Structure formats: structure tokens, C-alpha cells
Amino acid sequence: MFSSTWNFIKRHKRKFIFTGAVVGGVYLLGKYAQKKIREIQEKEATEYIAQARRQFHFESNQRTCNMTVLSMLPPLREAIVSQLNSESLTTLLKTKPANKLEIWEDLKIISFTRTIVAVYSTCMLVVLLRVQLNIIGGYLYLDNSIGKNGTTALAPPDVQQQYLSSIQHLLGDGRIHKQVSLKQSLSLLELEQQLSWIRAEVEAGSQRLLSWYMLADDENALAAQACGLTEKDVMTIKLLNETRDMLDSPDFTTVLNTCLNRGFSRLLDNLAEFFRPPPGDASLSSAPDSLAAISLPLAKIIPIINGQINTICSETPSHFVQDLLLNDQVKEFAAIVYETFSAPHELQK
């Protein structure tokens with residue numbers, strides 16, 4: 001029996017060799033495929049964890065942005081009030097001075113100016129801090145989550161502090177009402193037209209871009225802001241230049257305009273509360289042109305306008321600030337900035 005088996009194997013030796021080779025190849029291929037599948041699964045798991053960590057860090061950074069904006073509003077309000085102090089004029093009016101009309105004219109200009117400046121400054125602050133903190137946030141993600149192999153951190157704490165101090169340009173260094181009689185009455189619609197005229201003068205009539213008010217404009221000023229040429233200062237200048245690039249981008253302009261539109265719309269909503277018809281007067285409230293139906297003397301509008309800065313620059317979350325912080329375009333722009341500066345290719349720069 002054994003001899004017949006041996007003869008059978010000898011006759012079909014090549015088939016056995018081929019079959020063995022095939023089976024062995026299939027086995028090795030299966031092991032290789034298992035290894036590759038395991039590597040792909042491990043890579044996908046690693047990428048998923050990294051993406052989840054990155055998303056968590058981004059969301060945490062946005063909460064930091066919101067809290068930072070709220071913490072910066074009181075000093076912003078103080079800076080505006082210091083430059084445009086109406087309280088001294090109202091105090092002076094209580095003494096019934098001889099130049100009462102002149103003081104009222106000054107109060108009119110200051111009241112409108114500081115409220116409009118408050119809207120612009122708060123919108124700028126919201127968007128500028130979104131840029132700065134997401135640039136820093138992106139670099140911090142790389143510093144903390146990707147091995148740097150002993151190389152210099154992209155955003156060490158001292159550089160962060162020096163870079164973020166550039167916000168002082170907006171709060172301090174970076175700083176119109178058409179002749180309207182104090183006796184003249186204005187409706188809410190006419191008041192909106194006045195604000196639109198002022199916005200056109202500021203945004204289209206000025207030779208300077210709005211970003212000029214947010215960050216120093218040229219290399220010398222950036223170098224002066226960074227206080228020298230140490231390694232820390234060079235890193236700070238790099239961050240400031242990257243911020244300038246973002247501020248000059250069309251996306252930034254679009255987002256800032258969106259915030260300004262929403263900010264002035266919210267201001268008018270606040271003012272509308274004072275232009276409501278008397279209780280029981282249904283004829284005015286139901287009129288198609290109700291925005292133009294009720295008018296107030298400018299002398300009564302001035303105190304209303306004058307007090308709006310306390311709502312606009314409130315450290316407690318107001319509808320005005322919440323509208324800006326929760327704006328979808330602001331969120332999307334923040335995600336773009338963070339994505340840009342948290343990408344691994346930034347390590348190669």
C-alpha cells in the first residue's frame with residue numbers, strides 16, 4: 001500500500017508542489033492582509049482619537065474666546081468713556097451754565113460717537129480675539145499633542161502674553177454726527193438713516209481699513225510692539241504678521257461686516273423700546289410705517305443713546321454680545337483659523 005501511495009505521489013509530484021505553493025501563498029497573503037487590515041484599523045483609530053482630541057481642544061478654545069471677550073469688555077468700555085466722557089458734561093448741565101446750548105451740542109456729538117465707537121469696537125474685539133486665540137490655540141495643539149522632539153515650542157507662554165498684549169492697540173491707540181438741531185424730532189427710521197450715513201462715512205469714506213484700528217500696520221510698529229529682536233520677540237512678530245494676514249483676508253472682512261450689521265441691528269432693537277406707542281394706542285402700532293410714526297426730540301434721544309454703551313460693553317452676557325459670539329459665520333471663521341494653524345505642516349515653517 002505504501003509503495004502504491006509513493007508511486008502516486010511521484011506521478012503527481014508537480015501538482016503537489018504547485019498546490020503546496022498555492023496554499024502557502026494564500027496563507028502568507030492572508031497573514032499579510034490581516035497585518036495590513038490591523039495597521040489600517042490602528043491608523044484609523046489613532047486618527048479618530050487625534051481628531052476627537054483636536055475637536056475637544058477647539059471647542060474648549062472657543063469657550064476661552066467667549067470668556068476672554070467678556071473679560072475685555074469692561075476695559076474697552078473704560079477706554080471709550082475715558083476718550084469720550086459725557087458724564088462730565090451731564091454734571092456740568094446740572095449747574096445751569098450760561099453756555100448750556102453749547103454743552104448740549106457737545107453732549108450730542110459725544111453720545112452718538114461713543115455709542116457708535118462701542119458697536120465698532122465690540123465687533124472688532126470679538127473677531128480679533130477669535131483670530132488671535134485660534135492662532136495661539138492651533139499652535140498650542142501642536143505643542144501639546146504632537147511630539148516636538150525637543151525643538152522650540154511654537155507658542156511658549158511668554159510669547160503668548162506678549163502677542164496677546166497687542167490688543168491694547170484696539171483698546172487705546174487705535175481711535176461724527178451730522179448737524180441736527182436739538183429741537184428736531186427723529187423717528188426710529190430717521191435714526192437708522194443717520195446711523196447708516198455714519199457707517200458709510202466710516203467704512204467707505206475713510207482711507208484706512210477697519211483692521212488698522214485693531215493691529216499696528218507696518219513692520220516697524222510690529223517690531224516696536226514686540227520690543228526688540230530676541231528669539232521671543234521674533235516669534236511674537238511672526239504671530240503678529242500671521243494675524244495681519246488673517247485681518248487682511250476677504251473672509252475676515254466678510255465676518256466683520258456681518259458682525260457690524262448684526263451689532264447695529266441690535267442697537268436699533270434696543271432703541272426701538274423707547275419708540276413704542278403709548279399703551280392702548282393701537283392705531284400707531286398697527287400702522288405700516290410704524291417705524292416713522294413715532295418721533296422723539298433729539299434732546300430726549302441723546303440720554304438714551306448715551307446709555308447704550310453700558311449694554312453694548314457689558315461684562316454680563318447681553319443679547320448684543322451673545323448675537324456676536326454665537327454668530328454662525330464667526331464660528332465658521334474661527335474653525336478655519338484653528339484648522340490652518342493646528343495643521344502638522346505648521347511644524348515645518
# chains A, B, ... in the order shown; residues from 1 in each chain; ligands from 1
call {"tool": "residues_around", "arguments": {"residues": "Asn327 (chain A)", "least_positions_apart": "3", "cutoff": "10 Å", "atoms": "only C-alpha atoms", "output": "compact mmCIF listing (two decimals) with all heavy atoms, in the first residue's frame"}}
result
# COMPACT_ATOMS: atom_id res chain seq x y z
N VAL A 255 -16.73 88.52 7.66
CA VAL A 255 -17.19 88.20 9.02
C VAL A 255 -17.37 89.48 9.84
O VAL A 255 -18.36 89.64 10.56
CB VAL A 255 -16.22 87.24 9.70
CG1 VAL A 255 -16.58 87.05 11.17
CG2 VAL A 255 -16.21 85.90 9.00
N THR A 258 -20.50 91.23 8.78
CA THR A 258 -21.65 90.52 9.32
C THR A 258 -21.89 90.91 10.78
O THR A 258 -23.03 91.15 11.19
CB THR A 258 -21.44 88.99 9.22
OG1 THR A 258 -21.31 88.62 7.85
CG2 THR A 258 -22.60 88.23 9.84
N CYS A 259 -20.81 90.97 11.55
CA CYS A 259 -20.92 91.36 12.96
C CYS A 259 -21.40 92.81 13.10
O CYS A 259 -22.23 93.12 13.97
CB CYS A 259 -19.58 91.18 13.67
SG CYS A 259 -19.14 89.46 13.97
N ARG A 262 -25.07 92.99 12.34
CA ARG A 262 -25.85 92.47 13.46
C ARG A 262 -25.77 93.40 14.65
O ARG A 262 -26.76 93.58 15.38
CB ARG A 262 -25.34 91.07 13.84
CG ARG A 262 -26.21 90.38 14.87
CD ARG A 262 -27.59 90.09 14.30
NE ARG A 262 -28.56 89.85 15.36
CZ ARG A 262 -29.70 90.53 15.51
NH1 ARG A 262 -30.02 91.50 14.66
NH2 ARG A 262 -30.53 90.24 16.47
N VAL A 321 -23.95 91.10 22.87
CA VAL A 321 -22.71 90.32 22.81
C VAL A 321 -23.01 88.88 22.39
O VAL A 321 -22.26 88.29 21.60
CB VAL A 321 -21.99 90.36 24.17
CG1 VAL A 321 -20.74 89.48 24.14
CG2 VAL A 321 -21.60 91.79 24.52
N GLN A 322 -24.08 88.31 22.90
CA GLN A 322 -24.42 86.93 22.54
C GLN A 322 -24.66 86.78 21.04
O GLN A 322 -24.27 85.78 20.42
CB GLN A 322 -25.65 86.47 23.32
CG GLN A 322 -25.34 86.15 24.78
CD GLN A 322 -26.56 85.67 25.53
OE1 GLN A 322 -27.69 86.01 25.18
NE2 GLN A 322 -26.36 84.88 26.57
N ASP A 323 -25.31 87.78 20.44
CA ASP A 323 -25.54 87.73 19.00
C ASP A 323 -24.23 87.62 18.23
O ASP A 323 -24.16 86.96 17.19
CB ASP A 323 -26.30 88.98 18.54
CG ASP A 323 -27.78 88.92 18.84
OD1 ASP A 323 -28.23 87.86 19.32
OD2 ASP A 323 -28.49 89.92 18.61
N LEU A 324 -23.20 88.27 18.74
CA LEU A 324 -21.90 88.25 18.06
C LEU A 324 -21.15 86.95 18.34
O LEU A 324 -20.60 86.33 17.43
CB LEU A 324 -21.05 89.45 18.52
CG LEU A 324 -21.65 90.84 18.27
CD1 LEU A 324 -20.71 91.92 18.81
CD2 LEU A 324 -21.92 91.07 16.79
N VAL A 330 -19.03 83.71 12.46
CA VAL A 330 -17.90 83.86 13.38
C VAL A 330 -17.36 82.49 13.77
O VAL A 330 -16.14 82.26 13.79
CB VAL A 330 -18.33 84.64 14.64
CG1 VAL A 330 -17.22 84.64 15.69
CG2 VAL A 330 -18.70 86.08 14.29
N LYS A 331 -18.26 81.55 14.05
CA LYS A 331 -17.84 80.19 14.41
C LYS A 331 -17.10 79.51 13.27
O LYS A 331 -16.06 78.87 13.47
CB LYS A 331 -19.06 79.36 14.80
CG LYS A 331 -19.74 79.80 16.11
CD LYS A 331 -20.94 78.91 16.39
CE LYS A 331 -21.64 79.29 17.67
NZ LYS A 331 -22.82 78.42 17.93
N GLU A 332 -17.64 79.63 12.07
CA GLU A 332 -17.00 79.01 10.90
C GLU A 332 -15.63 79.60 10.62
O GLU A 332 -14.68 78.88 10.30
CB GLU A 332 -17.91 79.16 9.68
CG GLU A 332 -19.20 78.36 9.75
CD GLU A 332 -20.19 78.72 8.67
OE1 GLU A 332 -19.83 79.54 7.79
OE2 GLU A 332 -21.32 78.20 8.68
call {"tool": "closest_residue", "arguments": {"among": "A:Ile103, A:Leu129, A:Ile135, A:Met214", "to": "Leu239 (chain A)", "atoms": "only C-alpha atoms"}}
result
A:Ile135
call {"tool": "residues_around", "arguments": {"residues": "region 87-100 of chain A", "least_positions_apart": "4", "cutoff": "12 Å", "atoms": "only C-alpha atoms", "output": "PyMOL selection string"}}
result
chain A and resi 81-83+104-111+114+182+302-303+306-307
call {"tool": "atom_distance", "arguments": {"atom1": "CA of Arg130 (chain A)", "atom2": "CA of Ala334 (chain A)"}}
result
5.9 Å
call {"tool": "closest_residue", "arguments": {"among": "A:Leu76, A:Val127, A:Asn61, A:Leu296", "to": "Leu325 (chain A)", "atoms": "only C-alpha atoms"}}
result
A:Val127
call {"tool": "residues_around", "arguments": {"residues": "Leu268 (chain A)", "least_positions_apart": "2", "cutoff": "12 Å", "atoms": "only C-alpha atoms", "output": "ChimeraX atom specification"}}
result
/A:115-116,119,187-196,261-266,270-275,291,304-305,308,312,320
call {"tool": "atom_distance", "arguments": {"atom1": "CA of Cys123 (chain A)", "atom2": "CA of Leu260 (chain A)"}}
result
6.2 Å
call {"tool": "closest_residue", "arguments": {"among": "A:Asn257, A:Ser295, A:Gln329, A:Thr243", "to": "Val131 (chain A)", "atoms": "only C-alpha atoms"}}
result
A:Thr243
call {"tool": "atom_distance", "arguments": {"atom1": "CA of Lys300 (chain A)", "atom2": "CA of Gln184 (chain A)"}}
result
10.3 Å
call {"tool": "residues_around", "arguments": {"residues": "Val117 (chain A)", "least_positions_apart": "3", "cutoff": "10 Å", "atoms": "only C-alpha atoms", "output": "VMD selection string"}}
result
chain A and resid 77 80 84 111 to 114 120 to 123 175 309
call {"tool": "write_last_selection", "arguments": {"atoms": "all heavy atoms", "output": "mmCIF file, in the first residue's frame"}}
result
data_model
loop_
_atom_site.group_PDB
_atom_site.id
_atom_site.type_symbol
_atom_site.label_atom_id
_atom_site.label_comp_id
_atom_site.auth_asym_id
_atom_site.auth_seq_id
_atom_site.Cartn_x
_atom_site.Cartn_y
_atom_site.Cartn_z
ATOM 1 N N ARG A 77 -14.860 99.423 27.579
ATOM 2 C CA ARG A 77 -15.809 100.483 27.929
ATOM 3 C C ARG A 77 -15.089 101.644 28.623
ATOM 4 O O ARG A 77 -15.347 102.817 28.329
ATOM 5 C CB ARG A 77 -16.902 99.913 28.844
ATOM 6 C CG ARG A 77 -17.967 100.948 29.231
ATOM 7 C CD ARG A 77 -19.058 100.329 30.088
ATOM 8 N NE ARG A 77 -18.535 99.833 31.352
ATOM 9 C CZ ARG A 77 -18.684 98.583 31.780
ATOM 10 N NH1 ARG A 77 -19.319 97.692 31.037
ATOM 11 N NH2 ARG A 77 -18.183 98.209 32.945
ATOM 12 N N ILE A 80 -13.218 103.759 26.076
ATOM 13 C CA ILE A 80 -14.111 104.603 25.275
ATOM 14 C C ILE A 80 -14.624 105.769 26.109
ATOM 15 O O ILE A 80 -14.630 106.923 25.663
ATOM 16 C CB ILE A 80 -15.286 103.774 24.723
ATOM 17 C CG1 ILE A 80 -14.776 102.717 23.741
ATOM 18 C CG2 ILE A 80 -16.305 104.679 24.024
ATOM 19 C CD1 ILE A 80 -15.828 101.730 23.293
ATOM 20 N N LEU A 84 -14.192 109.616 25.417
ATOM 21 C CA LEU A 84 -15.442 110.310 25.079
ATOM 22 C C LEU A 84 -16.298 110.415 26.342
ATOM 23 O O LEU A 84 -17.272 109.692 26.517
ATOM 24 C CB LEU A 84 -16.183 109.541 23.972
ATOM 25 C CG LEU A 84 -15.415 109.384 22.658
ATOM 26 C CD1 LEU A 84 -16.045 108.302 21.788
ATOM 27 C CD2 LEU A 84 -15.368 110.707 21.909
ATOM 28 N N SER A 111 -22.247 111.610 22.695
ATOM 29 C CA SER A 111 -23.152 110.491 22.967
ATOM 30 C C SER A 111 -23.277 109.573 21.754
ATOM 31 O O SER A 111 -23.179 108.338 21.869
ATOM 32 C CB SER A 111 -24.537 111.010 23.367
ATOM 33 O OG SER A 111 -24.469 111.737 24.569
ATOM 34 N N PHE A 112 -23.502 110.175 20.582
ATOM 35 C CA PHE A 112 -23.616 109.366 19.377
ATOM 36 C C PHE A 112 -22.281 108.712 19.028
ATOM 37 O O PHE A 112 -22.227 107.532 18.658
ATOM 38 C CB PHE A 112 -24.097 110.217 18.198
ATOM 39 C CG PHE A 112 -25.584 110.323 18.110
ATOM 40 C CD1 PHE A 112 -26.264 111.330 18.792
ATOM 41 C CD2 PHE A 112 -26.326 109.432 17.358
ATOM 42 C CE1 PHE A 112 -27.644 111.437 18.721
ATOM 43 C CE2 PHE A 112 -27.707 109.515 17.283
ATOM 44 C CZ PHE A 112 -28.377 110.530 17.965
ATOM 45 N N THR A 113 -21.215 109.496 19.179
ATOM 46 C CA THR A 113 -19.900 108.976 18.794
ATOM 47 C C THR A 113 -19.496 107.799 19.656
ATOM 48 O O THR A 113 -19.043 106.763 19.147
ATOM 49 C CB THR A 113 -18.833 110.083 18.895
ATOM 50 O OG1 THR A 113 -19.201 111.177 18.060
ATOM 51 C CG2 THR A 113 -17.468 109.555 18.465
ATOM 52 N N ARG A 114 -19.668 107.900 20.952
ATOM 53 C CA ARG A 114 -19.177 106.818 21.806
ATOM 54 C C ARG A 114 -20.029 105.553 21.682
ATOM 55 O O ARG A 114 -19.517 104.444 21.817
ATOM 56 C CB ARG A 114 -19.067 107.272 23.264
ATOM 57 C CG ARG A 114 -20.313 107.271 24.096
ATOM 58 C CD ARG A 114 -19.923 107.631 25.514
ATOM 59 N NE ARG A 114 -20.998 107.423 26.461
ATOM 60 C CZ ARG A 114 -20.852 107.557 27.778
ATOM 61 N NH1 ARG A 114 -19.662 107.900 28.265
ATOM 62 N NH2 ARG A 114 -21.858 107.350 28.592
ATOM 63 N N TYR A 120 -18.615 99.442 17.004
ATOM 64 C CA TYR A 120 -17.470 99.050 16.173
ATOM 65 C C TYR A 120 -16.420 98.305 17.002
ATOM 66 O O TYR A 120 -15.921 97.248 16.593
ATOM 67 C CB TYR A 120 -16.829 100.291 15.540
ATOM 68 C CG TYR A 120 -17.455 100.703 14.232
ATOM 69 C CD1 TYR A 120 -18.319 101.785 14.160
ATOM 70 C CD2 TYR A 120 -17.174 100.022 13.053
ATOM 71 C CE1 TYR A 120 -18.897 102.182 12.961
ATOM 72 C CE2 TYR A 120 -17.737 100.403 11.849
ATOM 73 C CZ TYR A 120 -18.601 101.481 11.804
ATOM 74 O OH TYR A 120 -19.173 101.854 10.610
ATOM 75 N N SER A 121 -16.092 98.854 18.155
ATOM 76 C CA SER A 121 -15.018 98.276 18.966
ATOM 77 C C SER A 121 -15.376 96.892 19.473
ATOM 78 O O SER A 121 -14.527 95.991 19.485
ATOM 79 C CB SER A 121 -14.697 99.203 20.152
ATOM 80 O OG SER A 121 -14.258 100.463 19.700
ATOM 81 N N THR A 122 -16.634 96.699 19.888
ATOM 82 C CA THR A 122 -17.040 95.389 20.394
ATOM 83 C C THR A 122 -17.021 94.353 19.270
ATOM 84 O O THR A 122 -16.541 93.223 19.459
ATOM 85 C CB THR A 122 -18.448 95.463 21.019
ATOM 86 O OG1 THR A 122 -18.445 96.440 22.065
ATOM 87 C CG2 THR A 122 -18.857 94.111 21.598
ATOM 88 N N CYS A 123 -17.510 94.725 18.094
ATOM 89 C CA CYS A 123 -17.465 93.803 16.948
ATOM 90 C C CYS A 123 -16.028 93.468 16.584
ATOM 91 O O CYS A 123 -15.687 92.306 16.314
ATOM 92 C CB CYS A 123 -18.186 94.417 15.752
ATOM 93 S SG CYS A 123 -19.978 94.573 15.954
ATOM 94 N N ARG A 175 -7.999 104.973 17.979
ATOM 95 C CA ARG A 175 -9.217 105.768 17.794
ATOM 96 C C ARG A 175 -8.993 106.816 16.698
ATOM 97 O O ARG A 175 -8.125 107.616 16.828
ATOM 98 C CB ARG A 175 -9.691 106.567 19.003
ATOM 99 C CG ARG A 175 -9.835 105.782 20.204
ATOM 100 C CD ARG A 175 -11.122 105.013 20.225
ATOM 101 N NE ARG A 175 -11.198 104.323 21.456
ATOM 102 C CZ ARG A 175 -11.018 103.119 21.597
ATOM 103 N NH1 ARG A 175 -10.867 102.348 20.564
ATOM 104 N NH2 ARG A 175 -11.036 102.571 22.742
ATOM 105 N N ILE A 309 -23.868 102.353 25.798
ATOM 106 C CA ILE A 309 -22.544 101.744 25.957
ATOM 107 C C ILE A 309 -22.531 100.726 27.085
ATOM 108 O O ILE A 309 -21.797 99.743 27.052
ATOM 109 C CB ILE A 309 -21.465 102.834 26.184
ATOM 110 C CG1 ILE A 309 -20.077 102.205 26.096
ATOM 111 C CG2 ILE A 309 -21.670 103.546 27.505
ATOM 112 C CD1 ILE A 309 -18.941 103.218 26.114
#
